[in-house]
$ cat data-v1.cif   # mmCIF, C-alpha atoms and all ligand atoms
data_model
#
loop_
_atom_site.label_atom_id
_atom_site.label_comp_id
_atom_site.auth_asym_id
_atom_site.auth_seq_id
_atom_site.Cartn_x
_atom_site.Cartn_y
_atom_site.Cartn_z
CA MET A 51 -107.54 92.23 -38.99
CA VAL A 52 -105.17 89.88 -40.84
CA ARG A 53 -105.84 86.17 -40.41
CA LEU A 54 -104.06 82.89 -41.16
CA SER A 55 -106.59 82.22 -43.90
CA ASP A 56 -105.90 85.52 -45.69
CA SER A 57 -103.99 85.59 -48.94
CA ILE A 58 -100.52 87.13 -49.15
CA LYS A 59 -98.19 88.08 -51.95
CA ILE A 60 -94.50 87.18 -52.04
CA ASN A 61 -93.21 89.35 -54.85
CA SER A 62 -95.24 88.24 -57.90
CA LEU A 63 -96.65 85.10 -56.24
CA GLU A 64 -100.06 85.18 -54.60
CA LEU A 65 -100.67 82.57 -51.88
CA LYS A 66 -104.19 81.56 -50.85
CA ASN A 67 -103.30 81.55 -47.15
CA ARG A 68 -100.35 82.10 -44.82
CA ILE A 69 -99.28 78.53 -44.13
CA LEU A 70 -95.92 77.39 -45.53
CA MET A 71 -94.84 73.76 -45.31
CA ALA A 72 -91.51 73.91 -43.49
CA PRO A 73 -88.64 72.54 -45.59
CA MET A 74 -88.18 68.93 -44.51
CA CYS A 75 -85.83 66.44 -46.09
CA MET A 76 -87.41 63.00 -45.76
CA GLY A 77 -84.63 60.97 -47.41
CA TYR A 78 -86.96 59.89 -50.23
CA ALA A 79 -84.72 60.81 -53.21
CA ASP A 80 -82.52 58.18 -54.83
CA GLU A 81 -78.77 57.83 -54.29
CA LYS A 82 -77.97 60.47 -56.93
CA GLY A 83 -80.53 62.92 -55.59
CA TYR A 84 -83.18 62.27 -58.24
CA VAL A 85 -86.83 62.74 -57.34
CA THR A 86 -88.70 59.47 -56.76
CA GLU A 87 -92.40 58.66 -56.87
CA ARG A 88 -92.39 58.30 -53.10
CA LEU A 89 -90.98 61.82 -52.73
CA THR A 90 -93.56 63.31 -55.11
CA LYS A 91 -96.40 61.49 -53.35
CA HIS A 92 -95.25 62.87 -49.98
CA PHE A 93 -95.64 66.47 -51.17
CA VAL A 94 -98.80 65.91 -53.22
CA GLU A 95 -100.51 64.44 -50.15
CA ARG A 96 -99.78 67.66 -48.25
CA ALA A 97 -100.56 70.12 -51.04
CA GLU A 98 -104.30 70.58 -50.67
CA GLY A 99 -105.34 73.69 -48.79
CA ILE A 100 -101.85 74.92 -47.97
CA GLY A 101 -100.46 78.33 -48.96
CA ILE A 102 -97.22 76.90 -50.33
CA ILE A 103 -95.24 73.67 -50.23
CA LEU A 104 -91.49 73.89 -49.71
CA THR A 105 -89.22 70.95 -50.48
CA GLY A 106 -86.43 69.85 -48.15
CA HIS A 107 -82.91 71.05 -48.86
CA ALA A 108 -81.55 70.16 -52.30
CA TYR A 109 -77.76 70.07 -52.61
CA ILE A 110 -76.17 72.32 -55.22
CA GLU A 111 -72.99 70.25 -55.67
CA PRO A 112 -72.06 66.70 -54.66
CA ALA A 113 -69.79 67.93 -51.82
CA GLY A 114 -72.78 69.79 -50.35
CA LYS A 115 -74.80 66.63 -49.73
CA PHE A 116 -75.78 66.14 -46.08
CA ASN A 117 -77.80 62.98 -45.82
CA LYS A 118 -78.78 59.86 -47.71
CA GLY A 119 -81.87 60.22 -49.84
CA GLN A 120 -81.47 63.99 -50.06
CA MET A 121 -82.73 65.73 -53.21
CA GLY A 122 -80.08 67.08 -55.55
CA ILE A 123 -80.09 70.02 -57.95
CA TYR A 124 -76.44 69.92 -58.97
CA SER A 125 -76.89 68.84 -62.59
CA ASP A 126 -79.27 69.42 -65.50
CA GLU A 127 -80.23 65.74 -65.28
CA HIS A 128 -82.20 66.55 -62.14
CA ILE A 129 -84.55 68.91 -63.95
CA ASP A 130 -86.95 66.31 -65.42
CA GLY A 131 -87.78 64.73 -62.06
CA LEU A 132 -88.10 68.14 -60.41
CA LYS A 133 -90.44 69.25 -63.19
CA LYS A 134 -92.73 66.25 -62.56
CA LEU A 135 -92.77 67.05 -58.84
CA VAL A 136 -93.73 70.67 -59.58
CA GLU A 137 -96.49 69.65 -62.00
CA SER A 138 -97.94 67.14 -59.55
CA VAL A 139 -98.20 69.77 -56.81
CA HIS A 140 -99.60 72.34 -59.27
CA ASP A 141 -102.35 69.84 -60.11
CA LYS A 142 -103.57 70.45 -56.54
CA ASN A 143 -103.70 74.20 -57.24
CA THR A 144 -100.82 74.85 -54.89
CA PRO A 145 -97.48 76.52 -55.53
CA ILE A 146 -94.20 74.84 -54.60
CA GLY A 147 -90.81 76.26 -53.70
CA ILE A 148 -87.45 74.54 -53.43
CA GLN A 149 -84.81 75.00 -50.76
CA ILE A 150 -81.27 75.03 -52.20
CA SER A 151 -78.40 74.23 -49.93
CA HIS A 152 -74.80 73.25 -49.23
CA ALA A 153 -73.96 71.38 -46.04
CA GLY A 154 -70.33 72.62 -45.96
CA GLY A 155 -68.40 71.44 -42.90
CA VAL A 156 -71.20 69.32 -41.46
CA ALA A 157 -71.23 67.04 -44.51
CA SER A 158 -69.39 63.76 -44.13
CA SER A 159 -67.01 61.96 -46.45
CA SER A 160 -68.76 58.64 -45.74
CA ILE A 161 -71.89 60.03 -47.44
CA MET A 162 -70.54 62.24 -50.23
CA GLY A 163 -67.12 60.69 -50.80
CA GLN A 164 -64.73 63.60 -50.20
CA THR A 165 -63.41 65.79 -47.41
CA PRO A 166 -66.05 68.39 -46.56
CA VAL A 167 -65.37 72.08 -47.20
CA ALA A 168 -66.03 74.98 -44.83
CA PRO A 169 -65.02 78.59 -44.12
CA SER A 170 -62.40 77.29 -41.66
CA ALA A 171 -60.88 73.93 -40.78
CA ILE A 172 -62.98 73.56 -37.63
CA ASN A 173 -64.69 70.30 -36.79
CA SER A 174 -68.33 71.20 -36.24
CA GLY A 175 -69.77 68.00 -37.62
CA LYS A 176 -68.23 64.57 -37.91
CA GLU A 177 -64.76 65.40 -39.27
CA THR A 178 -62.39 68.31 -39.85
CA PRO A 179 -63.24 70.08 -43.11
CA ARG A 180 -60.90 71.71 -45.63
CA GLU A 181 -60.82 75.51 -45.61
CA LEU A 182 -62.24 76.97 -48.83
CA GLU A 183 -59.96 79.09 -51.00
CA GLU A 184 -61.32 82.38 -52.34
CA SER A 185 -61.52 81.01 -55.88
CA GLN A 186 -63.58 78.08 -54.59
CA ILE A 187 -65.94 80.47 -52.82
CA GLU A 188 -66.46 82.30 -56.12
CA ARG A 189 -67.23 78.98 -57.83
CA LEU A 190 -69.78 78.12 -55.15
CA VAL A 191 -71.58 81.43 -55.74
CA GLU A 192 -71.84 80.35 -59.40
CA LYS A 193 -73.13 76.91 -58.40
CA PHE A 194 -75.90 78.44 -56.32
CA GLY A 195 -76.76 80.51 -59.41
CA GLN A 196 -76.82 77.42 -61.63
CA ALA A 197 -79.05 75.59 -59.14
CA ALA A 198 -81.44 78.55 -59.17
CA ASP A 199 -81.51 78.46 -62.95
CA ARG A 200 -82.45 74.76 -62.87
CA ALA A 201 -85.17 75.44 -60.30
CA LEU A 202 -86.57 78.07 -62.65
CA THR A 203 -86.49 75.67 -65.60
CA ALA A 204 -88.24 73.00 -63.52
CA GLY A 205 -91.06 75.47 -62.88
CA PHE A 206 -90.73 76.12 -59.14
CA ASP A 207 -92.68 79.14 -57.90
CA LEU A 208 -90.16 80.21 -55.27
CA ILE A 209 -86.57 79.56 -54.23
CA GLU A 210 -85.43 79.46 -50.63
CA ILE A 211 -81.70 79.69 -49.93
CA HIS A 212 -80.75 77.65 -46.85
CA GLY A 213 -78.84 79.90 -44.50
CA ALA A 214 -79.65 78.16 -41.22
CA HIS A 215 -78.97 75.07 -39.06
CA GLY A 216 -75.17 75.23 -39.20
CA PHE A 217 -74.93 74.59 -42.94
CA LEU A 218 -72.38 76.28 -45.21
CA LEU A 219 -73.86 79.80 -45.46
CA ASN A 220 -74.58 79.81 -41.74
CA GLN A 221 -71.00 78.59 -41.06
CA PHE A 222 -69.69 81.73 -42.75
CA VAL A 223 -71.87 84.00 -40.61
CA SER A 224 -71.11 82.40 -37.25
CA PRO A 225 -67.90 83.52 -35.51
CA LEU A 226 -67.74 80.01 -34.00
CA THR A 227 -67.19 78.34 -37.39
CA ASN A 228 -65.58 81.20 -39.34
CA LYS A 229 -62.04 82.16 -38.26
CA ARG A 230 -60.92 83.48 -41.66
CA ARG A 231 -58.64 86.49 -41.96
CA ASP A 232 -59.57 87.48 -45.52
CA LYS A 233 -62.56 89.50 -46.76
CA TYR A 234 -64.89 86.63 -45.75
CA GLY A 235 -63.95 86.57 -42.06
CA GLY A 236 -63.59 88.77 -38.99
CA SER A 237 -66.20 91.54 -38.88
CA LEU A 238 -69.93 90.84 -39.30
CA GLU A 239 -69.73 92.73 -42.59
CA ASN A 240 -67.12 90.23 -43.82
CA ARG A 241 -68.84 87.13 -42.44
CA ILE A 242 -72.11 87.91 -44.24
CA ARG A 243 -70.30 88.66 -47.53
CA PHE A 244 -70.52 85.15 -49.02
CA PRO A 245 -74.26 84.62 -48.26
CA LEU A 246 -74.96 88.07 -49.72
CA GLU A 247 -72.96 87.23 -52.85
CA VAL A 248 -75.04 84.07 -53.21
CA VAL A 249 -78.27 86.04 -52.83
CA ALA A 250 -77.15 88.66 -55.35
CA ARG A 251 -76.20 85.97 -57.90
CA VAL A 252 -79.45 84.06 -57.44
CA ARG A 253 -81.46 87.27 -57.77
CA GLU A 254 -79.57 88.08 -60.97
CA VAL A 255 -80.37 84.64 -62.39
CA VAL A 256 -84.08 84.55 -61.48
CA GLY A 257 -84.91 88.15 -62.34
CA LYS A 258 -86.61 90.90 -60.39
CA SER A 259 -90.12 89.54 -60.01
CA PHE A 260 -89.33 85.95 -58.95
CA PRO A 261 -90.08 85.17 -55.27
CA LEU A 262 -86.86 84.71 -53.32
CA GLU A 263 -86.70 83.55 -49.72
CA TYR A 264 -83.85 83.07 -47.26
CA ARG A 265 -83.89 80.65 -44.32
CA LEU A 266 -82.15 82.68 -41.68
CA GLY A 267 -80.23 81.04 -38.84
CA SER A 268 -81.19 83.91 -36.60
CA ASP A 269 -79.62 82.77 -33.34
CA ASP A 270 -76.89 80.25 -32.51
CA LEU A 271 -78.11 80.13 -28.89
CA THR A 272 -74.45 79.53 -28.00
CA PRO A 273 -72.03 81.93 -26.28
CA GLY A 274 -69.82 83.63 -28.86
CA GLY A 275 -72.14 82.70 -31.71
CA VAL A 276 -74.61 84.60 -33.89
CA THR A 277 -77.05 86.72 -31.88
CA ILE A 278 -80.40 88.16 -32.85
CA GLU A 279 -78.77 91.61 -32.94
CA ASP A 280 -76.31 90.36 -35.62
CA SER A 281 -79.23 88.85 -37.50
CA LYS A 282 -81.17 92.12 -37.57
CA VAL A 283 -78.24 93.74 -39.38
CA PHE A 284 -77.85 90.73 -41.69
CA ALA A 285 -81.60 90.59 -42.43
CA LYS A 286 -81.59 94.23 -43.56
CA GLU A 287 -78.73 93.47 -45.96
CA LEU A 288 -80.50 90.35 -47.28
CA VAL A 289 -83.56 92.43 -48.08
CA ARG A 290 -81.42 95.13 -49.66
CA MET A 291 -79.90 92.41 -51.90
CA GLY A 292 -83.33 91.32 -53.11
CA VAL A 293 -84.73 88.78 -50.66
CA ASP A 294 -88.54 89.00 -50.50
CA ALA A 295 -89.21 86.73 -47.53
CA LEU A 296 -87.24 85.60 -44.49
CA ASN A 297 -87.99 82.19 -42.97
CA ILE A 298 -86.69 82.43 -39.42
CA SER A 299 -85.08 79.48 -37.68
CA GLY A 300 -82.01 78.63 -35.59
CA GLY A 301 -78.35 78.84 -36.51
CA LEU A 302 -75.75 76.38 -35.22
CA CYS A 303 -78.30 75.22 -32.62
CA GLY A 304 -80.41 73.72 -35.43
CA GLY A 305 -84.12 73.82 -36.12
CA GLN A 306 -85.31 72.07 -32.97
CA PRO A 307 -82.99 73.12 -30.12
CA SER A 308 -83.65 71.27 -26.87
CA SER A 309 -83.44 74.55 -24.93
CA LEU A 310 -86.60 75.86 -26.62
CA ALA A 311 -90.04 74.43 -26.14
CA GLY A 312 -93.72 75.06 -26.70
CA GLU A 313 -95.71 76.28 -29.68
CA GLY A 314 -93.90 78.90 -31.73
CA PHE A 315 -90.47 78.43 -30.16
CA PHE A 316 -88.78 80.59 -32.84
CA ILE A 317 -91.56 83.21 -32.98
CA PRO A 318 -89.70 85.67 -30.65
CA GLN A 319 -86.74 85.71 -33.06
CA ALA A 320 -89.04 86.12 -36.08
CA GLU A 321 -90.85 88.97 -34.34
CA ALA A 322 -87.53 90.74 -33.66
CA ILE A 323 -86.53 90.40 -37.33
CA LYS A 324 -89.96 91.59 -38.50
CA LYS A 325 -89.46 94.81 -36.55
CA ALA A 326 -86.12 95.36 -38.30
CA VAL A 327 -87.07 94.82 -41.96
CA LYS A 328 -89.65 95.59 -44.60
CA ALA A 329 -90.12 92.07 -45.99
CA ILE A 330 -92.34 89.09 -45.38
CA VAL A 331 -91.30 87.31 -42.21
CA ILE A 332 -92.19 83.67 -41.63
CA GLY A 333 -92.00 82.19 -38.14
CA GLY A 334 -92.86 79.02 -36.30
CA GLY A 335 -91.36 76.05 -34.55
CA GLY A 336 -93.53 73.54 -32.71
CA ILE A 337 -96.81 74.84 -34.13
CA ILE A 338 -99.55 72.26 -33.67
CA THR A 339 -102.82 74.19 -33.34
CA PRO A 340 -104.53 76.40 -35.96
CA GLU A 341 -105.56 78.78 -33.16
CA PHE A 342 -101.93 79.49 -32.23
CA ALA A 343 -100.96 79.98 -35.88
CA ASP A 344 -103.89 82.36 -36.39
CA LYS A 345 -103.05 84.29 -33.20
CA VAL A 346 -99.45 85.10 -34.19
CA ILE A 347 -100.70 86.37 -37.55
CA LYS A 348 -103.52 88.39 -35.98
CA GLU A 349 -101.08 89.96 -33.53
CA LYS A 350 -98.80 90.80 -36.48
CA ARG A 351 -95.85 89.06 -34.81
CA VAL A 352 -95.19 87.33 -38.16
CA ASP A 353 -96.65 87.52 -41.67
CA MET A 354 -96.76 83.77 -42.27
CA VAL A 355 -96.15 80.57 -40.29
CA PHE A 356 -94.11 77.51 -41.17
CA VAL A 357 -95.48 74.15 -40.09
CA GLY A 358 -93.31 71.04 -40.19
CA ARG A 359 -93.87 68.02 -38.00
CA ALA A 360 -97.59 68.67 -37.57
CA LEU A 361 -97.87 68.19 -41.36
CA LEU A 362 -95.87 64.96 -41.18
CA LYS A 363 -98.29 63.67 -38.57
CA ASP A 364 -101.41 64.82 -40.41
CA ALA A 365 -101.03 65.46 -44.16
CA ARG A 366 -104.29 67.43 -44.15
CA TRP A 367 -103.27 69.73 -41.27
CA ALA A 368 -103.45 72.92 -43.37
CA ALA A 369 -106.82 72.22 -45.01
CA LYS A 370 -108.28 71.25 -41.62
CA ALA A 371 -106.79 74.33 -39.94
CA ILE A 372 -108.35 76.75 -42.44
CA ASN A 373 -111.69 74.93 -42.14
CA LYS A 374 -111.62 74.98 -38.35
CA LEU A 375 -110.93 78.71 -38.24
CA LYS A 376 -113.92 79.52 -40.47
CA GLY A 377 -116.50 81.40 -38.49
CA LYS A 378 -114.16 81.86 -35.50
C1 LIG B 1 -87.65 65.27 -40.80
C2 LIG B 1 -87.22 66.71 -40.81
C3 LIG B 1 -86.42 67.18 -41.85
C4 LIG B 1 -86.03 68.52 -41.88
N1 LIG B 1 -85.32 68.98 -42.96
C5 LIG B 1 -85.07 70.32 -43.08
C6 LIG B 1 -84.50 70.84 -44.27
O1 LIG B 1 -84.24 70.14 -45.25
N2 LIG B 1 -84.27 72.18 -44.31
C7 LIG B 1 -84.57 73.02 -43.27
O2 LIG B 1 -84.34 74.23 -43.36
N3 LIG B 1 -85.13 72.54 -42.14
C8 LIG B 1 -85.40 71.22 -42.02
N4 LIG B 1 -86.05 70.76 -40.92
C9 LIG B 1 -86.50 71.71 -39.87
C10 LIG B 1 -87.94 72.18 -40.14
O3 LIG B 1 -88.01 72.96 -41.31
C11 LIG B 1 -88.51 73.01 -38.97
O4 LIG B 1 -87.78 74.20 -38.84
C12 LIG B 1 -88.49 72.27 -37.64
O5 LIG B 1 -88.95 70.95 -37.78
C13 LIG B 1 -89.34 72.99 -36.58
O6 LIG B 1 -90.66 73.17 -37.03
P1 LIG B 1 -91.87 72.16 -36.60
O7 LIG B 1 -91.85 72.13 -35.10
O8 LIG B 1 -93.10 72.79 -37.17
O9 LIG B 1 -91.56 70.82 -37.17
C14 LIG B 1 -86.42 69.41 -40.84
C15 LIG B 1 -87.21 68.92 -39.79
C16 LIG B 1 -87.63 67.60 -39.77
C17 LIG B 1 -88.51 67.13 -38.65
#
$ encode --input "data-v1.cif" --output "structure tokens"
Amino acid sequence: MVRLSDSIKINSLELKNRILMAPMCMGYADEKGYVTERLTKHFVERAEGIGIILTGHAYIEPAGKFNKGQMGIYSDEHIDGLKKLVESVHDKNTPIGIQISHAGGVASSSIMGQTPVAPSAINSGKETPRELEESQIERLVEKFGQAADRALTAGFDLIEIHGAHGFLLNQFVSPLTNKRRDKYGGSLENRIRFPLEVVARVREVVGKSFPLEYRLGSDDLTPGGVTIEDSKVFAKELVRMGVDALNISGGLCGGQPSSLAGEGFFIPQAEAIKKAVKAIVIGGGGIITPEFADKVIKEKRVDMVFVGRALLKDARWAAKAINKLKGK
């Protein structure tokens, strides 16, 4: 029987157990997105005993910045700080991945200093964004590739592409935020085109054996939005394009929708995706007890769990969880 404490391999990377620190942006970077000592300390404190640490979303270009204190990976100047972060977590014998992201239409000009860009000029955040031209979409694919290259240089063990929570890639997939009439809009096949181009470019940059993960906004939980059936089709394509692991969360509804409650509130969606693909599927939402995390692994509903707020509350949650399960 597979347990939470069992090792697992994501492509070439072997993890000591099946707990992933959910990507959480704490606002600890400086105003240009550089890593600070406070940010590094936050992750180092949580590194012992966990399968893998994941950083919060790092913006791939200035216009993709969502909140103050967010980490950036939009220039080569970011690499030094990122490298120090990686080395500090490695000192705890734990791998670390980075989530790369673009906020698209939910970014705000008051934070990043320009009109936000999106698949369509639909106000889904604080202001009406500018619709991206095809040539700009192509440039963004390149920028995701460049960010991945920097992550590789900094020594990260894994890259997660942020495709959830109503951010840019998710905006393309959802019919509620994408009303385009070109090859990037309309059918599901067209709406998933840009995220798949990003995945293909990142895979090309990092090479075949590097662990690549996608945070999938699996369900908008809104009439007319992305459904789990759409996401099963999309997930298969993501895997075909070279994604090794899928980290399942919400779409436009965000990561903590008020309509869902209890431990493992996104486990049903993760379980549905797991049945549709041959890849590592990570699920969670509201996990607070090691017993629950162990149970969903034992029952093979997911391959790994993500744990967020429980790790904010108790930095040693993972080490304690593995210890508590010993002998059970
Ligand atoms: C402070 C905070 C920051 C977050 N930042 C991110 C982020 O940068 N990227 C992301 O994909 N999810 C982010 N999330 C969502 C978490 O990854 C996770 O999906 C959510 O908190 C539910 O899991 P939990 O109940 O274990 O916390 C954030 C959540 C919190 C609480």
$ residues_around --input "data-v1.cif" --residues "range 359-365 of chain A" --least-positions-apart "2" --cutoff "6 Å" --atoms "all atoms listed in the file" --output "ChimeraX atom specification"
/A:96,338,367
$ residues_near_point --input "data-v1.cif" --point "(-106.6, 77.4, -36.9)" --cutoff "6 Å" --atoms "all atoms listed in the file" --output "MDAnalysis selection string"
chainID A and resid 340:341 344 371:372 374:375
$ write_last_selection --input "data-v1.cif" --atoms "C-alpha atoms" --output "PDB file, in the frame of the given file"
ATOM      1  CA  PRO A 340    -104.530  76.400 -35.960  1.00  0.00           C
ATOM      2  CA  GLU A 341    -105.560  78.780 -33.160  1.00  0.00           C
ATOM      3  CA  ASP A 344    -103.890  82.360 -36.390  1.00  0.00           C
ATOM      4  CA  ALA A 371    -106.790  74.330 -39.940  1.00  0.00           C
ATOM      5  CA  ILE A 372    -108.350  76.750 -42.440  1.00  0.00           C
ATOM      6  CA  LYS A 374    -111.620  74.980 -38.350  1.00  0.00           C
ATOM      7  CA  LEU A 375    -110.930  78.710 -38.240  1.00  0.00           C
TER       8      LEU A 375
END
$ residues_around --input "data-v1.cif" --residues "Asn117 in chain A" --least-positions-apart "5" --cutoff "9 Å" --atoms "only C-alpha atoms" --output "PyMOL selection string"
chain A and resi 75+77+157-158+161-162
$ residues_near_ligand --input "data-v1.cif" --ligand "ligand LIG 1 (chain B)" --cutoff "6 Å" --atoms "all atoms listed in the file" --output "PyMOL selection string"
chain A and resi 72-76+106-107+305-306+335-337+357-359
$ closest_residue --input "data-v1.cif" --among "A:Thr272, A:Arg200, A:Glu313, A:Pro166" --to "Val346 in chain A" --atoms "only C-alpha atoms"
A:Glu313
$ residues_around --input "data-v1.cif" --residues "Pro169 in chain A" --least-positions-apart "6" --cutoff "9 Å" --atoms "all atoms listed in the file" --output "PyMOL selection string"
chain A and resi 154-155+179-183+187+218+221-222+227-230+234-235
$ atom_distance --input "data-v1.cif" --atom1 "CA of Met291 in chain A" --atom2 "CA of Met121 in chain A"
26.9 Å
$ atom_distance --input "data-v1.cif" --atom1 "CA of Asn173 in chain A" --atom2 "CA of Asp269 in chain A"
19.8 Å
$ closest_residue --input "data-v1.cif" --among "A:Arg366, A:Lys345, A:Lys176, A:Arg351" --to "Leu54 in chain A" --atoms "only C-alpha atoms"
A:Lys345
$ closest_residue --input "data-v1.cif" --among "A:Asp280, A:Asp207, A:Glu287, A:Glu239" --to "Thr105 in chain A" --atoms "only C-alpha atoms"
A:Asp207
$ residues_around --input "data-v1.cif" --residues "Val223 in chain A" --least-positions-apart "3" --cutoff "6 Å" --atoms "all atoms listed in the file" --output "list in words"
Asn220, Arg241 and Ile242 of chain A
$ closest_residue --input "data-v1.cif" --among "A:Val136, A:Leu288, A:Ala329, A:Met71" --to "Gly101 in chain A" --atoms "only C-alpha atoms"
A:Met71
$ closest_atom_pairs --input "data-v1.cif" --of "range 290-314 of chain A" --to "range 251-264 of chain A" --cutoff "7 Å" --atoms "only C-alpha atoms" --output "tab-separated table"
residue	atom	partner	partner_atom	distance
A:Gly292	CA	A:Arg253	CA	6.5
A:Val293	CA	A:Leu262	CA	5.3
A:Asp294	CA	A:Leu262	CA	5.4
A:Ala295	CA	A:Glu263	CA	4.6
A:Leu296	CA	A:Tyr264	CA	5.1
A:Asn297	CA	A:Tyr264	CA	6.0
